Structures are given as C-alpha cells and as structure tokens.
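So this one's start.cif, mmCIF, C-alpha atoms; chains and numbers go by the auth columns:
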```
data_model
#
loop_
_atom_site.group_PDB
_atom_site.id
_atom_site.type_symbol
_atom_site.label_atom_id
_atom_site.label_comp_id
_atom_site.label_asym_id
_atom_site.label_seq_id
_atom_site.Cartn_x
_atom_site.Cartn_y
_atom_site.Cartn_z
_atom_site.B_iso_or_equiv
_atom_site.auth_seq_id
_atom_site.auth_asym_id
ATOM 1 C CA MET A 1 -31.068 90.751 -23.749 0.00 1 N
ATOM 2 C CA SER A 2 -31.685 90.033 -27.431 0.00 2 N
ATOM 3 C CA ARG A 3 -28.590 88.729 -29.152 0.00 3 N
ATOM 4 C CA ALA A 4 -29.046 87.879 -32.810 0.00 4 N
ATOM 5 C CA VAL A 5 -26.986 86.601 -35.708 0.00 5 N
ATOM 6 C CA LEU A 6 -27.819 88.220 -39.042 0.00 6 N
ATOM 7 C CA SER A 7 -26.652 87.095 -42.467 0.00 7 N
ATOM 8 C CA LEU A 8 -26.160 89.818 -45.086 0.00 8 N
ATOM 9 C CA GLY A 9 -25.959 89.344 -48.831 0.00 9 N
ATOM 10 C CA SER A 10 -26.021 91.409 -52.019 0.00 10 N
ATOM 11 C CA ASN A 11 -25.478 90.617 -55.686 0.00 11 N
ATOM 12 C CA LEU A 12 -26.933 93.619 -57.512 0.00 12 N
ATOM 13 C CA GLY A 13 -25.717 97.200 -57.824 0.00 13 N
ATOM 14 C CA ASP A 14 -23.326 98.568 -55.191 0.00 14 N
ATOM 15 C CA ARG A 15 -22.978 95.267 -53.338 0.00 15 N
ATOM 16 C CA LEU A 16 -20.572 96.567 -50.696 0.00 16 N
ATOM 17 C CA GLY A 17 -22.597 99.757 -50.261 0.00 17 N
ATOM 18 C CA PHE A 18 -25.750 97.720 -49.614 0.00 18 N
ATOM 19 C CA LEU A 19 -23.976 95.591 -46.991 0.00 19 N
ATOM 20 C CA LYS A 20 -22.820 98.805 -45.316 0.00 20 N
ATOM 21 C CA LEU A 21 -26.395 100.104 -45.395 0.00 21 N
ATOM 22 C CA ALA A 22 -27.515 96.982 -43.513 0.00 22 N
ATOM 23 C CA LEU A 23 -24.761 97.453 -40.930 0.00 23 N
ATOM 24 C CA ASP A 24 -25.748 101.091 -40.466 0.00 24 N
ATOM 25 C CA ALA A 25 -29.273 99.901 -39.628 0.00 25 N
ATOM 26 C CA VAL A 26 -27.932 97.840 -36.702 0.00 26 N
ATOM 27 C CA ARG A 27 -24.782 99.774 -35.815 0.00 27 N
ATOM 28 C CA PRO A 28 -25.769 100.858 -32.283 0.00 28 N
ATOM 29 C CA ALA A 29 -26.314 97.176 -31.439 0.00 29 N
ATOM 30 C CA LEU A 30 -23.363 95.793 -33.420 0.00 30 N
ATOM 31 C CA VAL A 31 -21.169 93.376 -31.453 0.00 31 N
ATOM 32 C CA ALA A 32 -19.105 91.829 -34.274 0.00 32 N
ATOM 33 C CA VAL A 33 -18.987 91.682 -38.049 0.00 33 N
ATOM 34 C CA SER A 34 -17.190 89.190 -40.260 0.00 34 N
ATOM 35 C CA SER A 35 -14.992 89.842 -43.208 0.00 35 N
ATOM 36 C CA VAL A 36 -16.697 90.225 -46.577 0.00 36 N
ATOM 37 C CA TYR A 37 -16.860 87.053 -48.654 0.00 37 N
ATOM 38 C CA GLU A 38 -17.693 86.579 -52.314 0.00 38 N
ATOM 39 C CA THR A 39 -19.815 83.524 -53.029 0.00 39 N
ATOM 40 C CA LYS A 40 -21.571 81.796 -55.877 0.00 40 N
ATOM 41 C CA ALA A 41 -25.339 82.170 -55.946 0.00 41 N
ATOM 42 C CA TRP A 42 -27.342 79.504 -54.141 0.00 42 N
ATOM 43 C CA GLY A 43 -30.717 78.243 -55.350 0.00 43 N
ATOM 44 C CA VAL A 44 -30.967 80.080 -58.671 0.00 44 N
ATOM 45 C CA GLU A 45 -27.385 79.829 -59.898 0.00 45 N
ATOM 46 C CA ASP A 46 -27.636 81.865 -63.114 0.00 46 N
ATOM 47 C CA GLN A 47 -27.018 85.251 -61.479 0.00 47 N
ATOM 48 C CA PRO A 48 -24.100 87.410 -60.312 0.00 48 N
ATOM 49 C CA ASP A 49 -21.923 86.367 -57.377 0.00 49 N
ATOM 50 C CA PHE A 50 -22.874 87.604 -53.922 0.00 50 N
ATOM 51 C CA LEU A 51 -20.992 89.555 -51.341 0.00 51 N
ATOM 52 C CA ASN A 52 -21.822 88.068 -47.944 0.00 52 N
ATOM 53 C CA ALA A 53 -21.094 88.844 -44.317 0.00 53 N
ATOM 54 C CA VAL A 54 -22.471 87.880 -40.923 0.00 54 N
ATOM 55 C CA CYS A 55 -22.925 90.137 -37.946 0.00 55 N
ATOM 56 C CA VAL A 56 -23.785 89.615 -34.310 0.00 56 N
ATOM 57 C CA VAL A 57 -26.018 92.227 -32.708 0.00 57 N
ATOM 58 C CA ASP A 58 -27.300 92.724 -29.191 0.00 58 N
ATOM 59 C CA ASP A 59 -30.109 95.018 -28.061 0.00 59 N
ATOM 60 C CA PRO A 60 -32.296 94.333 -25.014 0.00 60 N
ATOM 61 C CA ALA A 61 -35.108 96.385 -26.544 0.00 61 N
ATOM 62 C CA ARG A 62 -35.476 94.150 -29.631 0.00 62 N
ATOM 63 C CA ASP A 63 -36.997 90.697 -29.873 0.00 63 N
ATOM 64 C CA HIS A 64 -36.811 88.360 -32.868 0.00 64 N
ATOM 65 C CA TRP A 65 -39.658 90.203 -34.611 0.00 65 N
ATOM 66 C CA ALA A 66 -37.888 93.536 -34.194 0.00 66 N
ATOM 67 C CA TRP A 67 -34.724 92.067 -35.773 0.00 67 N
ATOM 68 C CA LEU A 68 -36.815 90.843 -38.703 0.00 68 N
ATOM 69 C CA ARG A 69 -38.407 94.274 -39.162 0.00 69 N
ATOM 70 C CA THR A 70 -34.995 95.963 -38.929 0.00 70 N
ATOM 71 C CA GLY A 71 -33.660 93.709 -41.688 0.00 71 N
ATOM 72 C CA GLN A 72 -36.737 94.264 -43.844 0.00 72 N
ATOM 73 C CA ALA A 73 -36.427 98.042 -43.453 0.00 73 N
ATOM 74 C CA ALA A 74 -32.778 97.862 -44.584 0.00 74 N
ATOM 75 C CA GLU A 75 -33.799 95.737 -47.587 0.00 75 N
ATOM 76 C CA GLN A 76 -36.486 98.274 -48.482 0.00 76 N
ATOM 77 C CA ALA A 77 -33.994 101.143 -48.166 0.00 77 N
ATOM 78 C CA ALA A 78 -31.750 99.241 -50.612 0.00 78 N
ATOM 79 C CA GLY A 79 -34.611 99.040 -53.112 0.00 79 N
ATOM 80 C CA ARG A 80 -35.021 95.285 -52.864 0.00 80 N
ATOM 81 C CA VAL A 81 -37.703 93.849 -55.115 0.00 81 N
ATOM 82 C CA ARG A 82 -38.901 90.276 -54.497 0.00 82 N
ATOM 83 C CA GLU A 83 -39.551 88.799 -57.939 0.00 83 N
ATOM 84 C CA LEU A 84 -37.958 85.358 -57.805 0.00 84 N
ATOM 85 C CA ARG A 85 -37.264 83.151 -54.783 0.00 85 N
ATOM 86 C CA TRP A 86 -33.480 82.921 -54.334 0.00 86 N
ATOM 87 C CA GLY A 87 -33.124 85.356 -57.214 0.00 87 N
ATOM 88 C CA PRO A 88 -30.828 88.364 -57.519 0.00 88 N
ATOM 89 C CA ARG A 89 -31.228 91.093 -54.924 0.00 89 N
ATOM 90 C CA THR A 90 -29.767 94.376 -53.848 0.00 90 N
ATOM 91 C CA LEU A 91 -29.844 93.285 -50.203 0.00 91 N
ATOM 92 C CA ASP A 92 -30.863 90.222 -48.274 0.00 92 N
ATOM 93 C CA VAL A 93 -30.879 90.290 -44.471 0.00 93 N
ATOM 94 C CA ASP A 94 -31.679 86.930 -42.891 0.00 94 N
ATOM 95 C CA VAL A 95 -32.270 86.492 -39.182 0.00 95 N
ATOM 96 C CA VAL A 96 -30.239 83.346 -38.499 0.00 96 N
ATOM 97 C CA THR A 97 -30.920 82.976 -34.777 0.00 97 N
ATOM 98 C CA VAL A 98 -32.049 85.105 -31.834 0.00 98 N
ATOM 99 C CA ASP A 99 -31.265 83.938 -28.290 0.00 99 N
ATOM 100 C CA GLY A 100 -32.144 80.351 -29.172 0.00 100 N
ATOM 101 C CA VAL A 101 -35.757 81.311 -29.972 0.00 101 N
ATOM 102 C CA ARG A 102 -37.609 78.732 -32.062 0.00 102 N
ATOM 103 C CA SER A 103 -40.292 79.941 -34.471 0.00 103 N
ATOM 104 C CA GLU A 104 -42.435 78.007 -36.925 0.00 104 N
ATOM 105 C CA ASP A 105 -44.183 81.163 -38.128 0.00 105 N
ATOM 106 C CA PRO A 106 -43.940 81.181 -41.957 0.00 106 N
ATOM 107 C CA GLU A 107 -42.847 84.826 -41.843 0.00 107 N
ATOM 108 C CA LEU A 108 -39.982 84.114 -39.432 0.00 108 N
ATOM 109 C CA LEU A 109 -38.641 80.571 -39.220 0.00 109 N
ATOM 110 C CA LEU A 110 -36.025 80.296 -36.471 0.00 110 N
ATOM 111 C CA PRO A 111 -33.377 79.244 -36.578 0.00 111 N
ATOM 112 C CA HIS A 112 -33.184 80.168 -40.259 0.00 112 N
ATOM 113 C CA PRO A 113 -33.833 76.875 -42.070 0.00 113 N
ATOM 114 C CA GLY A 114 -31.125 77.241 -44.717 0.00 114 N
ATOM 115 C CA THR A 115 -28.268 77.887 -42.316 0.00 115 N
ATOM 116 C CA PRO A 116 -26.976 74.318 -41.775 0.00 116 N
ATOM 117 C CA ASP A 117 -26.528 73.900 -45.538 0.00 117 N
ATOM 118 C CA ARG A 118 -24.996 77.244 -46.469 0.00 118 N
ATOM 119 C CA ALA A 119 -21.263 77.714 -46.311 0.00 119 N
ATOM 120 C CA SER A 120 -21.917 81.355 -47.265 0.00 120 N
ATOM 121 C CA VAL A 121 -23.379 81.807 -43.759 0.00 121 N
ATOM 122 C CA LEU A 122 -21.352 79.280 -41.766 0.00 122 N
ATOM 123 C CA VAL A 123 -17.891 80.450 -42.908 0.00 123 N
ATOM 124 C CA PRO A 124 -18.314 84.134 -41.946 0.00 124 N
ATOM 125 C CA TRP A 125 -20.167 83.208 -38.744 0.00 125 N
ATOM 126 C CA ALA A 126 -17.380 80.830 -37.696 0.00 126 N
ATOM 127 C CA GLU A 127 -14.882 83.647 -38.260 0.00 127 N
ATOM 128 C CA ILE A 128 -16.479 85.839 -35.589 0.00 128 N
ATOM 129 C CA GLU A 129 -17.985 83.190 -33.273 0.00 129 N
ATOM 130 C CA PRO A 130 -16.037 79.946 -33.731 0.00 130 N
ATOM 131 C CA ASP A 131 -17.660 78.312 -30.690 0.00 131 N
ATOM 132 C CA ALA A 132 -21.246 79.228 -31.612 0.00 132 N
ATOM 133 C CA ALA A 133 -23.997 76.664 -31.989 0.00 133 N
ATOM 134 C CA LEU A 134 -27.110 76.750 -34.141 0.00 134 N
ATOM 135 C CA PRO A 135 -30.079 75.783 -31.955 0.00 135 N
ATOM 136 C CA GLY A 136 -31.341 72.320 -32.838 0.00 136 N
ATOM 137 C CA HIS A 137 -28.364 71.648 -35.132 0.00 137 N
ATOM 138 C CA GLY A 138 -25.271 71.820 -32.954 0.00 138 N
ATOM 139 C CA PRO A 139 -21.917 73.598 -33.210 0.00 139 N
ATOM 140 C CA ILE A 140 -21.397 75.604 -36.366 0.00 140 N
ATOM 141 C CA ALA A 141 -17.877 74.180 -36.589 0.00 141 N
ATOM 142 C CA THR A 142 -19.421 70.716 -36.950 0.00 142 N
ATOM 143 C CA LEU A 143 -21.933 71.956 -39.525 0.00 143 N
ATOM 144 C CA LEU A 144 -19.118 73.619 -41.451 0.00 144 N
ATOM 145 C CA ALA A 145 -16.971 70.477 -41.372 0.00 145 N
ATOM 146 C CA ALA A 146 -19.881 68.572 -42.953 0.00 146 N
ATOM 147 C CA ARG A 147 -20.028 70.870 -45.995 0.00 147 N
ATOM 148 C CA PRO A 148 -18.414 69.525 -49.174 0.00 148 N
ATOM 149 C CA ALA A 149 -14.953 70.857 -50.022 0.00 149 N
ATOM 150 C CA ASP A 150 -16.095 72.082 -53.445 0.00 150 N
ATOM 151 C CA GLU A 151 -18.804 74.179 -51.776 0.00 151 N
ATOM 152 C CA LEU A 152 -16.353 75.629 -49.252 0.00 152 N
ATOM 153 C CA ALA A 153 -14.063 76.600 -52.139 0.00 153 N
ATOM 154 C CA THR A 154 -16.806 78.877 -53.505 0.00 154 N
ATOM 155 C CA VAL A 155 -16.700 81.061 -50.353 0.00 155 N
ATOM 156 C CA ARG A 156 -13.799 83.426 -50.970 0.00 156 N
ATOM 157 C CA ARG A 157 -12.690 86.003 -48.400 0.00 157 N
ATOM 158 C CA THR A 158 -12.173 89.441 -49.954 0.00 158 N
ATOM 159 C CA ASP A 159 -10.115 92.466 -48.933 0.00 159 N
ATOM 160 C CA LEU A 160 -13.247 94.629 -48.849 0.00 160 N
ATOM 161 C CA LYS A 161 -14.012 96.374 -45.536 0.00 161 N
ATOM 162 C CA LEU A 162 -17.371 96.994 -43.902 0.00 162 N
ATOM 163 C CA SER A 163 -16.300 99.055 -40.914 0.00 163 N
#
```
Now that the file is in, can you turn its structure into structure tokens?
Amino acid sequence: MSRAVLSLGSNLGDRLGFLKLALDAVRPALVAVSSVYETKAWGVEDQPDFLNAVCVVDDPARDHWAWLRTGQAAEQAAGRVRELRWGPRTLDVDVVTVDGVRSEDPELLLPHPGTPDRASVLVPWAEIEPDAALPGHGPIATLLAARPADELATVRRTDLKLS
C-alpha cells in the first residue's frame, strides 16, 4: 500500500482548472479531497492569492518517487515554469507524506519540510483527516493549534468545487 497526502496550489491562470488537472492525474487513486481554500502567498508575498486543496491518495503500485513524478507531470501539463522559489505558479503539487517514509534526498524531502508551518496545508488536511499525524512532528491538529490566529485568518474556505 502507498498512501500519500498531496498539497495542491495554484495562483496563475485558471487556478481552479489547474487544481482539477492535478486531481485528474491521481483520480483512480483518490481517497479524499478537501474543500478549496483561498490563501495569501507564502514566501514571496507580492503575488496573487492561491487556491489550495489537499488530497489523500492510495495506490499499492506507487512509492514516494512515483507520487513525486505524478505531481511533476501534472505541473508540466499545467505549463508550470520554475523561475523564482516560492514565486507564482500555475500548479504546485507537493508530496506532504507517504506512508511515514522519511527522505533526506534534496529532490524529495519527506515529510515535506514546510508542512508544520503552513496553515494553507494544515487547514485543508485537517478537514479530511482530522486525526492524521505528520511523521516526526505529531498530530496535525496540534500543529494547526500552534499557528498564529492572524495566519489562520488568511486561509479562507471557498464555495468552489473540485469534484
């Protein structure tokens, strides 16, 4: 079994369409998908707001590397260009965690190093897996409770639908 949590984000072009493209890439393995949230940019803040979602996928034929390649293929299909770290993008698919696998490989750090500090990942993940834990960091509910209120206020649930 290969159960993974993927974080999806888009802040350029057809943001919702790009999130749907990412879901289509994993649809046969899709277990759950969060609501769509609109969030302020993180890192480089002078850019459009993001649409974000989190999905849980499960496919015994895929390991953590296969989930990374699946996300990269979806990003490529969305025309993503990597010009600026944390800059604007048509689609960003981050592998948050895969079956508790730990990886120090620079191409695939697991669990995803930014997760404990990003309400834009924790809020949608908690919606679909409230009892989940991030390996090495503990329950996501605890991580979420540690985020500042002003940061949590920037993660706004929308009425947009992915499925």
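Interatomic distance, atom CA of Pro148 of chain N against atom CA of Val56 of chain N: 25.6 Å.
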>> the PyMOL selection byres ((chain N and resi 90-94) around 8) - which residues does that actually catch in the file I just gave you? List them as a PyMOL selection string.
In response: chain N and resi 6-15+18-19+22+68+71-72+74-75+78-80+88-89+95-96+112
>> I'd like to see the residues matched by the PyMOL selection byres ((chain N and resi 27-38) around 6) on this file, and ideally I'd get them as an MDAnalysis selection string.
In response: chainID N and resid 23:26 39 50:59 124 128 155:158
> What separation in Å, quoted to one decimal, exists between atom CA of Ala41 of chain N and atom CA of Gly138 of chain N?
Replying inline: 25.2 Å
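Here atom CA of Val98 of chain N and atom CA of Val81 of chain N stand 25.5 Å from one another.
Minimum atom-to-atom distances from N:Asp131, N:Asp105, N:Asp49, N:Glu151 to Asp117 of chain N were compared using only C-alpha atoms, and the lowest value belongs to N:Glu151.
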Model the absent atoms of segment 125-140 of chain N so that N, CA, C and O atoms are present, and write the result as an mmCIF file, in the coordinates of the input.
```
data_model
loop_
_atom_site.group_PDB
_atom_site.id
_atom_site.type_symbol
_atom_site.label_atom_id
_atom_site.label_comp_id
_atom_site.auth_asym_id
_atom_site.auth_seq_id
_atom_site.Cartn_x
_atom_site.Cartn_y
_atom_site.Cartn_z
ATOM 1 N N TRP N 125 -19.751 83.302 -40.140
ATOM 2 C CA TRP N 125 -20.167 83.208 -38.744
ATOM 3 C C TRP N 125 -19.067 82.568 -37.904
ATOM 4 O O TRP N 125 -18.733 83.048 -36.821
ATOM 5 N N ALA N 126 -18.464 81.505 -38.419
ATOM 6 C CA ALA N 126 -17.380 80.830 -37.696
ATOM 7 C C ALA N 126 -16.187 81.763 -37.485
ATOM 8 O O ALA N 126 -15.466 81.644 -36.490
ATOM 9 N N GLU N 127 -15.983 82.686 -38.401
ATOM 10 C CA GLU N 127 -14.882 83.647 -38.260
ATOM 11 C C GLU N 127 -15.049 84.499 -37.004
ATOM 12 O O GLU N 127 -14.075 84.780 -36.304
ATOM 13 N N ILE N 128 -16.275 84.918 -36.713
ATOM 14 C CA ILE N 128 -16.479 85.839 -35.589
ATOM 15 C C ILE N 128 -16.966 85.155 -34.311
ATOM 16 O O ILE N 128 -16.831 85.719 -33.231
ATOM 17 N N GLU N 129 -17.534 83.950 -34.438
ATOM 18 C CA GLU N 129 -17.985 83.190 -33.273
ATOM 19 C C GLU N 129 -17.682 81.703 -33.480
ATOM 20 O O GLU N 129 -18.589 80.899 -33.700
ATOM 21 N N PRO N 130 -16.413 81.323 -33.412
ATOM 22 C CA PRO N 130 -16.037 79.946 -33.731
ATOM 23 C C PRO N 130 -16.665 78.890 -32.825
ATOM 24 O O PRO N 130 -16.812 77.743 -33.234
ATOM 25 N N ASP N 131 -17.074 79.271 -31.624
ATOM 26 C CA ASP N 131 -17.660 78.312 -30.690
ATOM 27 C C ASP N 131 -19.182 78.354 -30.667
ATOM 28 O O ASP N 131 -19.819 77.708 -29.830
ATOM 29 N N ALA N 132 -19.790 79.084 -31.586
ATOM 30 C CA ALA N 132 -21.246 79.228 -31.612
ATOM 31 C C ALA N 132 -21.914 77.911 -31.998
ATOM 32 O O ALA N 132 -21.313 77.042 -32.630
ATOM 33 N N ALA N 133 -23.175 77.818 -31.614
ATOM 34 C CA ALA N 133 -23.997 76.664 -31.989
ATOM 35 C C ALA N 133 -25.302 77.175 -32.583
ATOM 36 O O ALA N 133 -25.819 78.217 -32.166
ATOM 37 N N LEU N 134 -25.819 76.443 -33.547
ATOM 38 C CA LEU N 134 -27.110 76.750 -34.141
ATOM 39 C C LEU N 134 -28.147 75.906 -33.404
ATOM 40 O O LEU N 134 -28.063 74.675 -33.417
ATOM 41 N N PRO N 135 -29.095 76.546 -32.735
ATOM 42 C CA PRO N 135 -30.079 75.783 -31.955
ATOM 43 C C PRO N 135 -30.732 74.670 -32.777
ATOM 44 O O PRO N 135 -31.159 74.877 -33.910
ATOM 45 N N GLY N 136 -30.739 73.477 -32.184
ATOM 46 C CA GLY N 136 -31.341 72.320 -32.838
ATOM 47 C C GLY N 136 -30.444 71.620 -33.844
ATOM 48 O O GLY N 136 -30.800 70.568 -34.369
ATOM 49 N N HIS N 137 -29.259 72.213 -34.119
ATOM 50 C CA HIS N 137 -28.364 71.648 -35.132
ATOM 51 C C HIS N 137 -26.947 71.407 -34.625
ATOM 52 O O HIS N 137 -26.184 70.702 -35.272
ATOM 53 N N GLY N 138 -26.584 72.036 -33.532
ATOM 54 C CA GLY N 138 -25.271 71.820 -32.954
ATOM 55 C C GLY N 138 -24.256 72.886 -33.313
ATOM 56 O O GLY N 138 -24.602 73.934 -33.879
ATOM 57 N N PRO N 139 -22.986 72.620 -32.976
ATOM 58 C CA PRO N 139 -21.917 73.598 -33.210
ATOM 59 C C PRO N 139 -21.769 73.941 -34.689
ATOM 60 O O PRO N 139 -21.825 73.058 -35.548
ATOM 61 N N ILE N 140 -21.562 75.219 -34.962
ATOM 62 C CA ILE N 140 -21.397 75.604 -36.366
ATOM 63 C C ILE N 140 -20.107 75.032 -36.940
ATOM 64 O O ILE N 140 -20.033 74.779 -38.143
#
```
